[in-house]
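**Student:** Following this line is start.cif, made up of mmCIF, C-alpha atoms and all ligand atoms:
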```
data_start
loop_
_atom_site.label_atom_id
_atom_site.label_comp_id
_atom_site.auth_asym_id
_atom_site.auth_seq_id
_atom_site.Cartn_x
_atom_site.Cartn_y
_atom_site.Cartn_z
CA ALA O 1 46.39 273.38 51.59
CA LYS O 2 43.17 273.17 53.51
CA GLY O 3 42.70 276.42 55.47
CA ALA O 4 42.14 276.30 59.21
CA LEU O 5 38.50 275.54 59.98
CA SER O 6 36.52 277.99 62.05
CA CYS O 7 33.44 277.49 64.18
CA SER O 8 30.21 278.47 62.51
CA GLY O 9 28.93 279.40 65.97
CA CYS O 10 31.50 281.75 67.47
CA GLY O 11 34.06 282.11 64.70
CA ILE O 12 36.98 280.71 66.66
CA GLN O 13 39.65 278.70 64.88
CA LEU O 14 39.02 275.03 65.62
CA GLN O 15 41.56 272.76 67.30
CA SER O 16 41.45 269.22 68.66
CA GLU O 17 44.35 269.28 71.09
CA GLN O 18 43.42 271.20 74.23
CA GLN O 19 40.03 270.61 75.72
CA ASP O 20 39.94 273.67 77.97
CA LYS O 21 41.04 276.14 75.28
CA PRO O 22 38.78 278.01 72.86
CA GLY O 23 37.94 276.20 69.65
CA TYR O 24 38.26 272.69 71.02
CA THR O 25 36.39 270.23 68.81
CA PRO O 26 36.66 266.44 69.00
CA VAL O 27 38.26 265.05 65.82
CA GLN O 28 35.12 263.20 64.70
CA ALA O 29 33.06 266.42 64.96
CA LEU O 30 35.37 268.15 62.46
CA GLU O 31 33.76 266.14 59.66
CA LYS O 32 30.34 267.70 60.21
CA ASP O 33 29.07 270.51 58.07
CA PRO O 34 28.60 273.15 59.36
CA VAL O 35 31.13 272.47 62.06
CA ILE O 36 30.89 274.06 65.51
CA CYS O 37 33.22 273.97 68.51
CA GLN O 38 32.41 271.91 71.59
CA ARG O 39 31.49 274.95 73.64
CA CYS O 40 28.90 276.11 71.08
CA PHE O 41 27.72 272.52 70.67
CA ARG O 42 27.00 272.20 74.37
CA ILE O 43 25.13 275.47 74.52
CA LYS O 44 23.11 274.62 71.44
CA ASN O 45 22.23 271.10 72.54
CA TYR O 46 22.27 271.13 76.30
CA ASN O 47 21.73 274.81 77.11
CA GLU O 48 24.95 274.59 78.98
CA SER O 49 28.17 276.55 78.88
CA SER O 50 31.51 275.11 79.99
CA SER O 51 34.74 276.86 80.88
CA VAL O 52 37.43 277.67 78.38
CA THR O 53 40.44 279.80 79.19
CA VAL O 54 42.89 282.16 77.48
CA GLU O 55 46.08 283.97 78.40
CA GLN O 56 45.94 287.60 79.40
CA ASP O 57 46.99 289.16 76.06
CA GLU O 58 44.41 287.23 74.12
CA PHE O 59 41.79 288.16 76.66
CA LEU O 60 42.55 291.87 76.45
CA ARG O 61 42.31 291.69 72.67
CA LEU O 62 38.85 290.21 73.06
CA LEU O 63 37.85 292.80 75.60
CA SER O 64 38.79 295.71 73.41
CA GLN O 65 35.93 294.72 71.10
CA ILE O 66 33.43 295.31 73.88
CA GLY O 67 34.22 299.01 74.03
CA GLU O 68 32.97 299.44 70.46
CA ARG O 69 29.56 297.98 71.24
CA GLN O 70 26.50 298.70 73.31
CA ALA O 71 27.13 296.37 76.19
CA LEU O 72 26.29 295.66 79.77
CA VAL O 73 29.24 293.91 81.37
CA ILE O 74 28.87 291.46 84.23
CA HIS O 75 32.28 291.15 85.82
CA ILE O 76 32.28 288.11 88.06
CA VAL O 77 34.88 287.80 90.84
CA ASP O 78 35.58 285.36 93.66
CA ILE O 79 35.24 286.67 97.23
CA PHE O 80 37.92 284.19 98.35
CA ASP O 81 40.36 285.70 95.85
CA LEU O 82 39.02 289.19 95.24
CA GLN O 83 42.28 291.02 94.49
CA GLY O 84 43.48 288.04 92.43
CA SER O 85 40.35 287.68 90.33
CA VAL O 86 39.56 291.34 89.61
CA ILE O 87 40.32 292.35 86.01
CA SER O 88 41.87 295.68 86.91
CA GLY O 89 42.32 296.83 83.30
CA LEU O 90 38.63 296.35 82.54
CA LYS O 91 37.74 300.04 82.42
CA ARG O 92 40.19 300.74 79.63
CA PHE O 93 38.55 298.14 77.42
CA VAL O 94 34.85 298.34 78.06
CA GLY O 95 34.79 302.09 77.53
CA ASN O 96 31.70 303.81 78.84
CA ASN O 97 29.65 300.65 79.05
CA PRO O 98 28.20 299.96 82.50
CA VAL O 99 29.74 297.20 84.63
CA LEU O 100 27.98 295.13 87.27
CA LEU O 101 30.27 293.41 89.74
CA ALA O 102 29.01 289.97 90.76
CA VAL O 103 30.94 288.86 93.83
CA ASN O 104 30.56 285.10 93.87
CA LYS O 105 31.16 282.33 96.43
CA THR O 106 29.83 284.26 99.40
CA ASP O 107 28.89 280.85 100.83
CA LEU O 108 32.58 280.51 101.74
CA LEU O 109 32.47 283.29 104.31
CA PRO O 110 31.44 282.36 107.85
CA LYS O 111 27.68 282.08 108.37
CA VAL O 112 27.70 285.05 110.73
CA THR O 113 28.97 287.78 108.44
CA ASN O 114 28.00 291.41 108.18
CA TRP O 115 27.13 291.53 104.47
CA ASN O 116 26.82 295.31 104.33
CA LYS O 117 30.34 295.57 105.64
CA VAL O 118 31.54 293.06 103.06
CA LYS O 119 29.89 295.03 100.27
CA ASN O 120 31.45 298.31 101.45
CA TRP O 121 34.81 296.60 101.69
CA VAL O 122 34.50 295.25 98.12
CA GLN O 123 33.50 298.71 96.90
CA LYS O 124 36.59 300.30 98.44
CA GLU O 125 38.92 297.59 97.21
CA VAL O 126 37.74 297.67 93.58
CA LYS O 127 37.89 301.45 93.57
CA GLU O 128 41.46 301.19 94.78
CA LEU O 129 42.13 298.93 91.79
CA GLY O 130 40.78 301.58 89.44
CA LEU O 131 37.48 299.94 88.64
CA LYS O 132 34.19 301.81 88.42
CA VAL O 133 31.07 299.68 88.77
CA GLU O 134 27.37 300.52 88.65
CA ASP O 135 26.45 298.03 91.30
CA ILE O 136 27.95 295.30 93.47
CA ILE O 137 25.93 292.14 93.93
CA LEU O 138 27.01 289.53 96.44
CA CYS O 139 26.01 286.06 95.30
CA SER O 140 26.64 282.36 95.56
CA ALA O 141 26.20 280.28 92.44
CA LYS O 142 26.47 277.23 94.64
CA GLN O 143 23.56 278.24 96.84
CA SER O 144 21.74 280.09 94.06
CA SER O 145 21.60 283.09 96.35
CA GLY O 146 21.87 286.68 95.18
CA PHE O 147 21.08 285.69 91.59
CA ASP O 148 17.65 287.24 91.69
CA ARG O 149 19.21 290.52 92.71
CA LEU O 150 21.76 290.13 89.94
CA LEU O 151 19.04 289.52 87.36
CA ASP O 152 17.17 292.56 88.68
CA ALA O 153 20.29 294.65 88.28
CA VAL O 154 20.74 293.30 84.74
CA ALA O 155 17.16 294.28 83.92
CA THR O 156 17.71 297.75 85.37
CA HIS O 157 20.93 298.47 83.49
CA ARG O 158 20.48 296.49 80.30
CA ASP O 159 18.54 298.92 78.20
CA ASN O 160 18.52 296.62 75.14
CA ARG O 161 22.24 296.08 75.36
CA ASP O 162 23.86 292.70 74.97
CA VAL O 163 25.17 291.21 78.21
CA TYR O 164 28.87 290.30 78.28
CA VAL O 165 30.02 288.06 81.10
CA VAL O 166 33.72 288.34 81.93
CA GLY O 167 35.81 286.79 84.67
CA ALA O 168 39.02 285.06 85.65
CA THR O 169 39.12 281.26 85.68
CA ASN O 170 37.31 279.35 88.41
CA VAL O 171 35.24 282.25 89.66
CA GLY O 172 31.96 280.52 88.74
CA LYS O 173 31.35 282.10 85.34
CA SER O 174 29.90 278.99 83.66
CA THR O 175 27.58 278.44 86.56
CA LEU O 176 26.33 282.00 86.20
CA ILE O 177 25.97 281.82 82.41
CA ASN O 178 23.98 278.63 82.68
CA ARG O 179 21.66 280.33 85.11
CA LEU O 180 21.24 283.29 82.73
CA ILE O 181 20.48 280.99 79.81
CA HIS O 182 17.82 279.23 81.81
CA ASP O 183 16.24 282.43 83.06
CA TYR O 184 16.38 284.47 79.89
CA SER O 185 15.70 282.07 77.07
CA ASP O 186 12.81 279.86 76.17
CA LEU O 187 13.84 276.32 76.92
CA ASP O 188 11.25 274.79 74.60
CA GLN O 189 12.84 276.49 71.71
CA GLU O 190 16.17 275.15 70.60
CA LEU O 191 18.96 277.60 71.27
CA THR O 192 20.99 278.63 68.32
CA VAL O 193 24.45 280.02 68.58
CA SER O 194 25.34 282.35 65.83
CA ARG O 195 28.17 284.50 64.84
CA TYR O 196 28.33 288.25 64.69
CA PRO O 197 28.33 289.10 61.01
CA GLY O 198 31.75 289.92 59.71
CA THR O 199 33.70 289.50 62.92
CA THR O 200 35.65 286.84 64.68
CA LEU O 201 34.95 287.24 68.33
CA ASP O 202 36.04 283.98 69.93
CA MET O 203 33.11 284.64 72.21
CA VAL O 204 29.97 282.59 72.36
CA HIS O 205 26.93 284.58 71.46
CA ILE O 206 23.70 283.25 72.98
CA PRO O 207 20.54 284.85 71.61
CA LEU O 208 17.78 285.64 74.09
CA ASP O 209 14.04 285.64 73.58
CA ASP O 210 13.83 289.41 73.52
CA GLY O 211 16.33 289.82 70.70
CA GLY O 212 19.32 290.58 72.92
CA SER O 213 22.24 288.28 73.58
CA ILE O 214 24.41 286.95 76.34
CA ILE O 215 28.04 286.82 75.31
CA ASP O 216 30.22 284.29 77.07
CA THR O 217 33.89 285.26 77.00
CA PRO O 218 36.71 282.84 77.83
CA GLY O 219 38.03 282.88 81.40
CA ILE O 220 41.20 284.90 81.83
CA MET O 221 44.21 283.19 83.41
CA TYR O 222 46.45 285.12 85.77
CA ALA O 223 49.73 283.46 86.70
CA SER O 224 49.63 285.49 89.93
CA ARG O 225 46.90 283.27 91.42
CA TYR O 226 47.85 280.11 93.26
CA SER O 227 44.86 278.35 91.69
CA GLU O 228 46.53 278.70 88.27
CA LEU O 229 49.85 277.26 89.40
CA VAL O 230 48.84 274.07 91.16
CA SER O 231 47.94 270.65 89.80
CA PRO O 232 44.23 269.74 89.59
CA GLU O 233 44.51 267.55 92.69
CA ASP O 234 46.07 270.39 94.68
CA LEU O 235 43.48 272.83 93.33
CA SER O 236 40.75 270.84 95.05
CA ILE O 237 42.75 271.21 98.26
CA ILE O 238 43.50 274.94 98.20
CA MET O 239 40.11 276.00 96.81
CA PRO O 240 37.71 275.78 99.74
CA ASP O 241 34.30 274.27 99.08
CA LYS O 242 32.86 274.74 102.56
CA PRO O 243 32.50 277.86 104.68
CA LEU O 244 35.91 278.93 105.96
CA LYS O 245 36.64 277.98 109.55
CA PRO O 246 39.13 280.59 110.70
CA VAL O 247 42.01 279.11 112.70
CA VAL O 248 43.41 281.39 115.42
CA TYR O 249 47.03 281.21 116.54
CA GLN O 250 48.45 283.06 119.54
CA LEU O 251 52.04 283.62 118.51
CA ASN O 252 55.17 285.06 120.06
CA GLU O 253 57.65 286.79 117.83
CA GLY O 254 60.02 284.29 116.27
CA GLN O 255 57.32 281.75 115.43
CA SER O 256 56.20 280.49 112.01
CA ILE O 257 53.26 278.62 110.58
CA PHE O 258 53.40 276.36 107.54
CA PHE O 259 50.30 275.85 105.40
CA GLY O 260 51.16 272.33 104.35
CA GLY O 261 53.90 272.89 101.78
CA PHE O 262 51.97 275.69 100.06
CA GLY O 263 53.38 278.58 102.04
CA ARG O 264 54.73 279.87 105.31
CA PHE O 265 53.89 282.79 107.58
CA ASP O 266 56.50 284.28 109.95
CA PHE O 267 55.82 286.49 112.95
CA ILE O 268 59.11 288.34 113.06
CA LYS O 269 58.68 291.17 115.54
CA GLY O 270 56.01 292.43 117.91
CA ASP O 271 54.13 291.70 121.13
CA ARG O 272 52.43 288.35 121.57
CA GLN O 273 49.20 288.52 119.58
CA SER O 274 46.65 286.51 117.66
CA PHE O 275 46.72 285.70 113.95
CA THR O 276 43.61 284.34 112.26
CA CYS O 277 44.15 282.13 109.22
CA PHE O 278 41.46 281.92 106.53
CA VAL O 279 42.58 279.07 104.31
CA SER O 280 40.99 275.87 103.07
CA GLY O 281 40.26 273.37 105.84
CA ARG O 282 42.03 270.67 103.85
CA ILE O 283 45.46 272.22 104.38
CA PRO O 284 47.27 270.97 107.50
CA PHE O 285 49.07 273.59 109.61
CA HIS O 286 52.47 273.27 111.30
CA ARG O 287 53.71 275.68 113.91
CA THR O 288 57.46 275.96 114.41
CA LYS O 289 60.25 278.26 115.50
CA LEU O 290 61.17 280.81 112.85
CA GLU O 291 64.86 279.95 113.25
CA ARG O 292 64.11 276.33 112.35
CA ALA O 293 61.66 277.01 109.53
CA ASP O 294 64.11 277.09 106.58
CA GLU O 295 65.67 273.81 107.61
CA LEU O 296 62.30 272.21 108.25
CA PHE O 297 61.15 273.06 104.75
CA ALA O 298 64.40 271.89 103.21
CA THR O 299 64.12 268.48 104.87
CA HIS O 300 60.36 267.87 105.11
CA ALA O 301 58.75 269.63 102.13
CA GLY O 302 56.42 267.25 100.31
CA GLU O 303 56.33 264.86 103.27
CA MET O 304 55.53 266.25 106.69
CA LEU O 305 54.92 269.61 105.00
CA ALA O 306 52.42 268.45 102.40
CA PRO O 307 50.44 268.71 100.22
CA PRO O 308 51.75 269.42 97.59
CA SER O 309 53.56 266.15 97.14
CA ARG O 310 57.32 266.23 96.63
CA GLU O 311 56.77 265.73 92.93
CA ASN O 312 54.18 268.50 92.60
CA LEU O 313 56.43 270.87 94.55
CA THR O 314 59.12 270.56 91.91
CA LYS O 315 56.64 271.90 89.34
CA LEU O 316 56.03 275.10 91.31
CA PRO O 317 58.29 278.17 91.22
CA GLU O 318 60.75 278.53 94.07
CA TRP O 319 59.61 280.36 97.15
CA THR O 320 60.24 284.02 97.60
CA ARG O 321 59.87 286.10 100.78
CA HIS O 322 57.58 289.11 101.22
CA GLU O 323 58.00 291.17 104.39
CA PHE O 324 55.34 293.53 105.75
CA ARG O 325 55.21 296.04 108.57
CA ILE O 326 51.69 296.14 110.00
CA ALA O 327 50.91 299.55 111.47
CA LYS O 328 49.79 299.86 115.05
CA GLY O 329 46.02 300.23 115.27
CA SER O 330 45.32 298.84 111.80
CA ARG O 331 43.14 295.85 111.01
CA SER O 332 44.86 294.11 108.14
CA ASP O 333 44.92 290.90 106.16
CA VAL O 334 48.06 289.51 104.64
CA PHE O 335 46.51 288.21 101.42
CA ILE O 336 47.93 285.42 99.25
CA SER O 337 46.04 285.10 95.98
CA GLY O 338 44.29 281.74 95.78
CA LEU O 339 45.53 280.49 99.14
CA GLY O 340 43.63 282.81 101.48
CA TRP O 341 44.65 285.38 104.07
CA ILE O 342 45.95 285.89 107.61
CA LYS O 343 44.15 288.52 109.65
CA ILE O 344 46.25 290.62 112.00
CA ASN O 345 44.63 292.52 114.83
CA GLY O 346 47.28 295.21 114.69
CA ASP O 347 46.62 296.56 118.19
CA THR O 348 50.33 296.76 118.85
CA GLY O 349 51.79 296.50 115.34
CA ALA O 350 53.86 293.68 113.92
CA VAL O 351 56.52 292.75 111.40
CA VAL O 352 55.58 289.62 109.46
CA ALA O 353 56.65 287.78 106.31
CA VAL O 354 55.23 285.17 103.99
CA HIS O 355 57.08 282.68 101.81
CA VAL O 356 55.25 281.46 98.70
CA PRO O 357 56.14 280.56 95.10
CA LYS O 358 57.56 283.45 93.14
CA GLY O 359 55.08 285.40 91.03
CA LEU O 360 52.06 285.04 93.29
CA LYS O 361 50.14 288.14 94.21
CA VAL O 362 50.78 288.86 97.90
CA MET O 363 49.63 292.04 99.61
CA VAL O 364 48.41 293.70 102.78
CA ARG O 365 44.82 294.90 102.64
CA PRO O 366 42.24 296.17 105.14
CA SER O 367 40.57 293.21 106.83
CA LEU O 368 37.65 291.65 104.98
CA ILE O 369 36.05 290.36 108.17
P1 LIG C 401 34.46 279.25 85.67
O1 LIG C 401 35.81 278.65 85.45
O2 LIG C 401 34.55 280.68 86.08
O3 LIG C 401 33.50 279.03 84.55
O4 LIG C 401 33.86 278.58 86.98
P2 LIG C 401 32.94 277.30 87.19
O5 LIG C 401 31.49 277.68 87.11
O6 LIG C 401 33.41 276.17 86.35
O7 LIG C 401 33.30 277.02 88.72
C1 LIG C 401 34.66 276.86 89.14
C2 LIG C 401 34.72 276.18 90.49
O8 LIG C 401 34.15 277.01 91.50
C3 LIG C 401 33.94 274.87 90.53
O9 LIG C 401 34.66 273.96 91.34
C4 LIG C 401 32.64 275.27 91.18
O10 LIG C 401 32.05 274.19 91.89
C5 LIG C 401 33.07 276.34 92.14
N1 LIG C 401 32.02 277.34 92.39
C6 LIG C 401 31.28 278.02 91.48
N2 LIG C 401 30.41 278.83 92.09
C7 LIG C 401 30.60 278.66 93.43
C8 LIG C 401 30.00 279.23 94.60
O11 LIG C 401 29.10 280.06 94.58
N3 LIG C 401 30.51 278.82 95.81
C9 LIG C 401 31.49 277.89 95.92
N4 LIG C 401 31.90 277.54 97.15
N5 LIG C 401 32.06 277.33 94.83
C10 LIG C 401 31.63 277.70 93.62
#
```
Let me see the file written as structure tokens.
**Tutor:**
Amino acid sequence: AKGALSCSGCGIQLQSEQQDKPGYTPVQALEKDPVICQRCFRIKNYNESSSVTVEQDEFLRLLSQIGERQALVIHIVDIFDLQGSVISGLKRFVGNNPVLLAVNKTDLLPKVTNWNKVKNWVQKEVKELGLKVEDIILCSAKQSSGFDRLLDAVATHRDNRDVYVVGATNVGKSTLINRLIHDYSDLDQELTVSRYPGTTLDMVHIPLDDGGSIIDTPGIMYASRYSELVSPEDLSIIMPDKPLKPVVYQLNEGQSIFFGGFGRFDFIKGDRQSFTCFVSGRIPFHRTKLERADELFATHAGEMLAPPSRENLTKLPEWTRHEFRIAKGSRSDVFISGLGWIKINGDTGAVVAVHVPKGLKVMVRPSLI
């Protein structure tokens, strides 16, 4: 029998079924000799990387190879979903190699934002998650801002090492890689993608002019992020593409807010106070009495409480309830990975709950802004 073909670029086993998975190669391209996967083909011919994704176990297997090499790791995360997009096990796998944290999509935060405060907040949060980083660079691939600082940091810490770019899906990794390719390699000269001798890395290895390489790893998928659970049409609704416009609600205890049919926030106990919602502007809100909320969802989910549509709702896990006691005097966010957060000005304390599909990461954290 004919053995499975592998890519002469990155070494991955080729497949023609799933376009967003490593090794994808259109059937007609399999006839070529040597044969390369679509991702390598695009880098070689268009100087352009595109996203491919893998499950967590596969990703960790890939990562463990980084620890054995001289590497500078750029870990790219999404400011809108920081706790959801951080690879908390990174340290274990990259060993003593330095890590730069690129915090992308800063264009989503309100125009008037104290960036020093944001940076300090990120630093505390990633430390809490057990991650040690050399530097934190706030950037926006969309606005091309912060990239110069990132490239400076790469130059400072690189020391002839290869640069590995790692990140969860949808954080902007391809956009960043493409920028690195353009800045670090000679565009007149055709890029070649070549394989590390004797290894199968499933990573795309992009040689640079100075003899080093950028290594593009697949995006890691976490089932705990809303962005991984929803349909593509709903993804474009929950993932904001414009600066967040916080929506403030003055609530009495016993009131609830629905975020379309994506989730629900309950103010269970406490003095009348304000709650500030940072979610995509495309999601319609509905305020209701807590005592009516269950029934409202049962009868109107997918219609008045939409999106998601009734059909898309059936593809999501059932809702589960998370209750939180917000301490008096604290400034906290109730964070829902991929959907956003609700800021609570805990002057008097509060008991709140959220209802979202089971498995999503939901937590209380110190307020981002
Ligand atoms: P990857 O999956 O990590 O490779 O991410 P992509 O580069 O494909 O980007 C994923 C999504 O995030 C796309 O819809 C991009 O338009 C969007 N995106 C990437 N960078 C930014 C950014 O800086 N700001 C905003 N608002 N969106 C971004």
**Student:** To check your reading of the model: which residues sit at most 9 Å from ligand LIG 401 (chain C) when counting only C-alpha atoms and all ligand atoms? Write the answer as a ChimeraX atom specification.
**Tutor:** /O:49-53,76-78,104-108,139-145,166-178,218-220,236,239-243
**Student:** Pull the neighbourhood of (48.3, 292.4, 99.7) for me: all residues within 6 Å in file coordinates, counting all atoms listed in the file, as a PyMOL selection string.
**Tutor:** chain O and resi 334-335+362-365
**Student:** Could you give me, as a list in words, the residues within 10 Å of segment 112-128 of chain O, counting all atoms listed in the file and dropping anything in the same chain fewer than 5 positions from it?
**Tutor:**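 The neighbour list is Ile79, Leu82, Gln83, Val86, Ile87, Ser88, Leu101, Val103, Thr106, Val133, Asp135, Ile136, Ile137, Leu138, Arg365, Pro366, Ser367, Leu368 and Ile369 of chain O.
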**Student:** Which of these residues is nearest to Ser16 of chain O, using all atoms listed in the file: O:Gln38, O:Phe59, O:Ile74, O:Asp266?
**Tutor:**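 The closest residue to Ser16 of chain O is O:Gln38.
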**Student:** Between atom CA of Ala350 of chain O and atom CA of Gln250 of chain O, what is the spacing in Å?
**Tutor:**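 Spanning atom CA of Gln250 of chain O to atom CA of Ala350 of chain O is a straight-line distance of 13.2 Å.
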